[in-house]
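> Structure provided below as structure tokens; questions to follow.
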Amino acid sequence: MDALPEHVAENRRHWDATADEWVAMGERAWAGEPTWGQWGVPDAEAPMLPADCTGLDVVELGCGTGYVSAWAKRRGARRVLGVDNSERQLATARRLAAEHGLDIEWHHGNAEAVPEPDGAFDVAVSEYGAAIWCEPGTWLREAWRLLRPGGTCTFLGNHPLAMCTSPLDGSVPIGTELVRDWFGMHRFDWRDAVDEPGGIEFALGTADWFALFREIGFEVTDYREPRPATADDEVLFTVPRSWAHRWPSEQVWFLRKPAS
């Protein structure tokens, strides 16, 4: 068996080690209605899944505890496959699927290389997951391969502005000064971070995202920058809510594979 790429191996270790911290959040999300991103914006502000998934085949790339997969199934999806790099995260997803009585398939593996045939899905979705933990060009090409003509790929991840204001030592929270280069951003290794060490993330500048989409063949159909409803000093993960009320900390891309 070929060795896993460095970032895949590190992210598997990191997410297996921290899986217990996400169980309660996963349970709440499985029991609730769709909201998106760390700020929990309403579905209407970032509609990452079709309102009606009846008859559609959906793949979630980097599913974690699987709540997005659950939402797709409840919206009528014919088939749902959740792919995740962490077996411990998938253990939670499997348990919750059984408790909620939802027939969802789960695959433990790298979302950059999914063992499914070309054109197997109508919808590819990633809320964080592959959107930040996989190499952008690799996982988006895989999403393209997995989609049928006319299929959609929607993903939510860190805004490049948030990455440029993340302290160089990996401390929390992010700041209000640009300390990293916008141009050429790609790989962010947090293994030696002062706070919450572990994991390797990826992000691109806006023009580089567009260039990648063009290269692969995706059409951009929409773009959103979710914003929290309030501006208090609560810090979620690395971002103060007051920061994200002023500047975008997250972005959502809506892509389409042309029908012909």
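Chains: A, B, ... in order of the structure tokens. Residues: from 1 per chain. Ligands: from 1, in order shown.
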So that I can see what lies close to range 23-34 of chain A, please list as a ChimeraX atom specification the residues with an atom at most 8 Å from it, counting only C-alpha atoms and leaving out residues fewer than 2 positions away in the same chain.

/A:19-21,36,42-43,65-68,70-71,92,96

> Which of range 196-238 of chain A end up as helix (DSSP H, G or I) when DSSP is run on this backbone - answer as a ChimeraX atom specification?

/A:206-216

> Save the residues we just selected, N, CA, C and O atoms, as a compact mmCIF listing (two decimals), in the first residue's frame?


# COMPACT_ATOMS: atom_id res chain seq x y z
N THR A 206 -8.15 34.79 -3.76
CA THR A 206 -9.35 34.76 -4.58
C THR A 206 -9.04 34.54 -6.06
O THR A 206 -9.69 33.71 -6.73
N ALA A 207 -8.09 35.24 -6.62
CA ALA A 207 -7.75 35.08 -8.03
C ALA A 207 -7.25 33.66 -8.31
O ALA A 207 -7.53 33.10 -9.38
N ASP A 208 -6.52 33.10 -7.36
CA ASP A 208 -6.02 31.73 -7.55
C ASP A 208 -7.15 30.72 -7.52
O ASP A 208 -7.11 29.70 -8.23
N TRP A 209 -8.19 30.96 -6.69
CA TRP A 209 -9.36 30.09 -6.74
C TRP A 209 -10.00 30.14 -8.12
O TRP A 209 -10.30 29.09 -8.73
N PHE A 210 -10.21 31.34 -8.64
CA PHE A 210 -10.83 31.47 -9.96
C PHE A 210 -9.98 30.78 -11.03
O PHE A 210 -10.52 30.11 -11.92
N ALA A 211 -8.67 30.96 -10.96
CA ALA A 211 -7.79 30.33 -11.95
C ALA A 211 -7.91 28.80 -11.89
O ALA A 211 -7.93 28.13 -12.93
N LEU A 212 -8.00 28.26 -10.68
CA LEU A 212 -8.12 26.81 -10.52
C LEU A 212 -9.45 26.31 -11.08
O LEU A 212 -9.50 25.30 -11.78
N PHE A 213 -10.53 27.03 -10.77
CA PHE A 213 -11.84 26.62 -11.30
C PHE A 213 -11.82 26.61 -12.84
O PHE A 213 -12.33 25.67 -13.47
N ARG A 214 -11.24 27.65 -13.44
CA ARG A 214 -11.17 27.71 -14.91
C ARG A 214 -10.36 26.55 -15.46
O ARG A 214 -10.74 25.92 -16.45
N GLU A 215 -9.24 26.26 -14.82
CA GLU A 215 -8.36 25.19 -15.28
C GLU A 215 -9.07 23.84 -15.26
O GLU A 215 -8.94 23.04 -16.18
N ILE A 216 -9.83 23.59 -14.19
CA ILE A 216 -10.54 22.32 -14.06
C ILE A 216 -11.74 22.28 -14.99
O ILE A 216 -12.06 21.23 -15.57

> Need the shell around Lys73 in chain A: protein/DNA/RNA residues with any atom at most 9 Å away, counting only C-alpha atoms. Skip same-chain ones fewer than 6 positions apart. Format as a JSON list (two decimals) with N, CA and C atoms, in the first residue's frame?


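Full text of result.json as output:
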[["chain", "number", "residue", "atom", "x", "y", "z"],
["A", 53, "CYS", "N", -33.61, 17.45, -2.65],
["A", 53, "CYS", "CA", -32.59, 16.53, -3.15],
["A", 53, "CYS", "C", -33.20, 15.24, -3.70],
["A", 54, "THR", "N", -34.50, 15.22, -3.90],
["A", 54, "THR", "CA", -35.18, 14.01, -4.34],
["A", 54, "THR", "C", -34.55, 13.45, -5.61],
["A", 58, "VAL", "N", -25.61, 12.22, -3.68],
["A", 58, "VAL", "CA", -24.83, 13.26, -3.02],
["A", 58, "VAL", "C", -23.59, 12.65, -2.37],
["A", 79, "ARG", "N", -29.14, 8.60, -2.86],
["A", 79, "ARG", "CA", -27.95, 7.98, -2.29],
["A", 79, "ARG", "C", -27.09, 9.07, -1.69],
["A", 80, "VAL", "N", -26.55, 8.81, -0.50],
["A", 80, "VAL", "CA", -25.62, 9.74, 0.14],
["A", 80, "VAL", "C", -24.40, 8.96, 0.58],
["A", 102, "LEU", "N", -31.28, 6.71, 9.40],
["A", 102, "LEU", "CA", -30.99, 7.18, 8.05],
["A", 102, "LEU", "C", -30.00, 6.25, 7.36],
["A", 103, "ASP", "N", -30.31, 5.89, 6.13],
["A", 103, "ASP", "CA", -29.48, 4.99, 5.34],
["A", 103, "ASP", "C", -28.45, 5.81, 4.57],
["A", 104, "ILE", "N", -27.26, 5.92, 5.16],
["A", 104, "ILE", "CA", -26.16, 6.68, 4.56],
["A", 104, "ILE", "C", -24.94, 5.78, 4.48]]

> Report as a tab-separated table (two decimals) with C-alpha atoms, in the first residue's frame all protein, DNA and RNA residues lying within 12 Å of Ser260 in chain A, evaluated on only C-alpha atoms, omitting residues in the same chain fewer than 4 positions from it.


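out.tsv was written with the following content:
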chain	number	residue	atom	x	y	z
A	148	ARG	CA	-22.15	14.01	-13.65
A	149	PRO	CA	-22.44	16.74	-16.30
A	150	GLY	CA	-24.59	19.50	-14.82
A	151	GLY	CA	-23.63	18.46	-11.28
A	217	GLY	CA	-13.60	23.46	-16.00
A	218	PHE	CA	-15.98	24.52	-13.23
A	256	ARG	CA	-21.22	23.76	-11.57

> Just asking: which residues within range 19-244 of chain A are strand (DSSP E) according to DSSP, as a count of residues only?

54

> Compile the contact shell of Ser126 in chain A as a PyMOL selection string: residues with an atom at most 8 Å away, counting only C-alpha atoms, same-chain residues fewer than 5 positions apart removed.

chain A and resi 60-63+131+154-156

> Just to be explicit: take each residue in the selection above, keep N, CA, C and O atoms, and write the result as an mmCIF file, in the first residue's frame.


data_model
loop_
_atom_site.group_PDB
_atom_site.id
_atom_site.type_symbol
_atom_site.label_atom_id
_atom_site.label_comp_id
_atom_site.auth_asym_id
_atom_site.auth_seq_id
_atom_site.Cartn_x
_atom_site.Cartn_y
_atom_site.Cartn_z
ATOM 1 N N GLU A 60 -20.481 13.786 0.282
ATOM 2 C CA GLU A 60 -19.911 14.789 1.175
ATOM 3 C C GLU A 60 -18.436 14.475 1.358
ATOM 4 O O GLU A 60 -18.077 13.398 1.850
ATOM 5 N N LEU A 61 -17.589 15.414 0.994
ATOM 6 C CA LEU A 61 -16.144 15.201 0.993
ATOM 7 C C LEU A 61 -15.533 15.822 2.245
ATOM 8 O O LEU A 61 -15.423 17.036 2.361
ATOM 9 N N GLY A 62 -15.145 14.965 3.174
ATOM 10 C CA GLY A 62 -14.693 15.406 4.485
ATOM 11 C C GLY A 62 -15.891 15.624 5.375
ATOM 12 O O GLY A 62 -16.176 16.745 5.795
ATOM 13 N N CYS A 63 -16.610 14.529 5.685
ATOM 14 C CA CYS A 63 -17.925 14.644 6.320
ATOM 15 C C CYS A 63 -17.880 14.768 7.831
ATOM 16 O O CYS A 63 -18.883 15.122 8.447
ATOM 17 N N ALA A 131 -12.668 20.977 2.000
ATOM 18 C CA ALA A 131 -12.539 22.369 1.584
ATOM 19 C C ALA A 131 -11.305 23.049 2.160
ATOM 20 O O ALA A 131 -10.779 23.990 1.550
ATOM 21 N N THR A 154 -20.336 22.505 -4.007
ATOM 22 C CA THR A 154 -20.439 23.653 -3.109
ATOM 23 C C THR A 154 -19.534 23.419 -1.913
ATOM 24 O O THR A 154 -19.564 22.335 -1.325
ATOM 25 N N PHE A 155 -18.713 24.414 -1.575
ATOM 26 C CA PHE A 155 -17.836 24.224 -0.418
ATOM 27 C C PHE A 155 -17.654 25.510 0.369
ATOM 28 O O PHE A 155 -17.676 26.612 -0.177
ATOM 29 N N LEU A 156 -17.500 25.323 1.683
ATOM 30 C CA LEU A 156 -17.318 26.417 2.639
ATOM 31 C C LEU A 156 -16.000 26.217 3.367
ATOM 32 O O LEU A 156 -15.707 25.122 3.853
#

> For the atom pair CA of Asn158 in chain A and CA of Arg145 in chain A, what is the interatomic distance in Å to one decimal place?

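The value is 24.0 Å.
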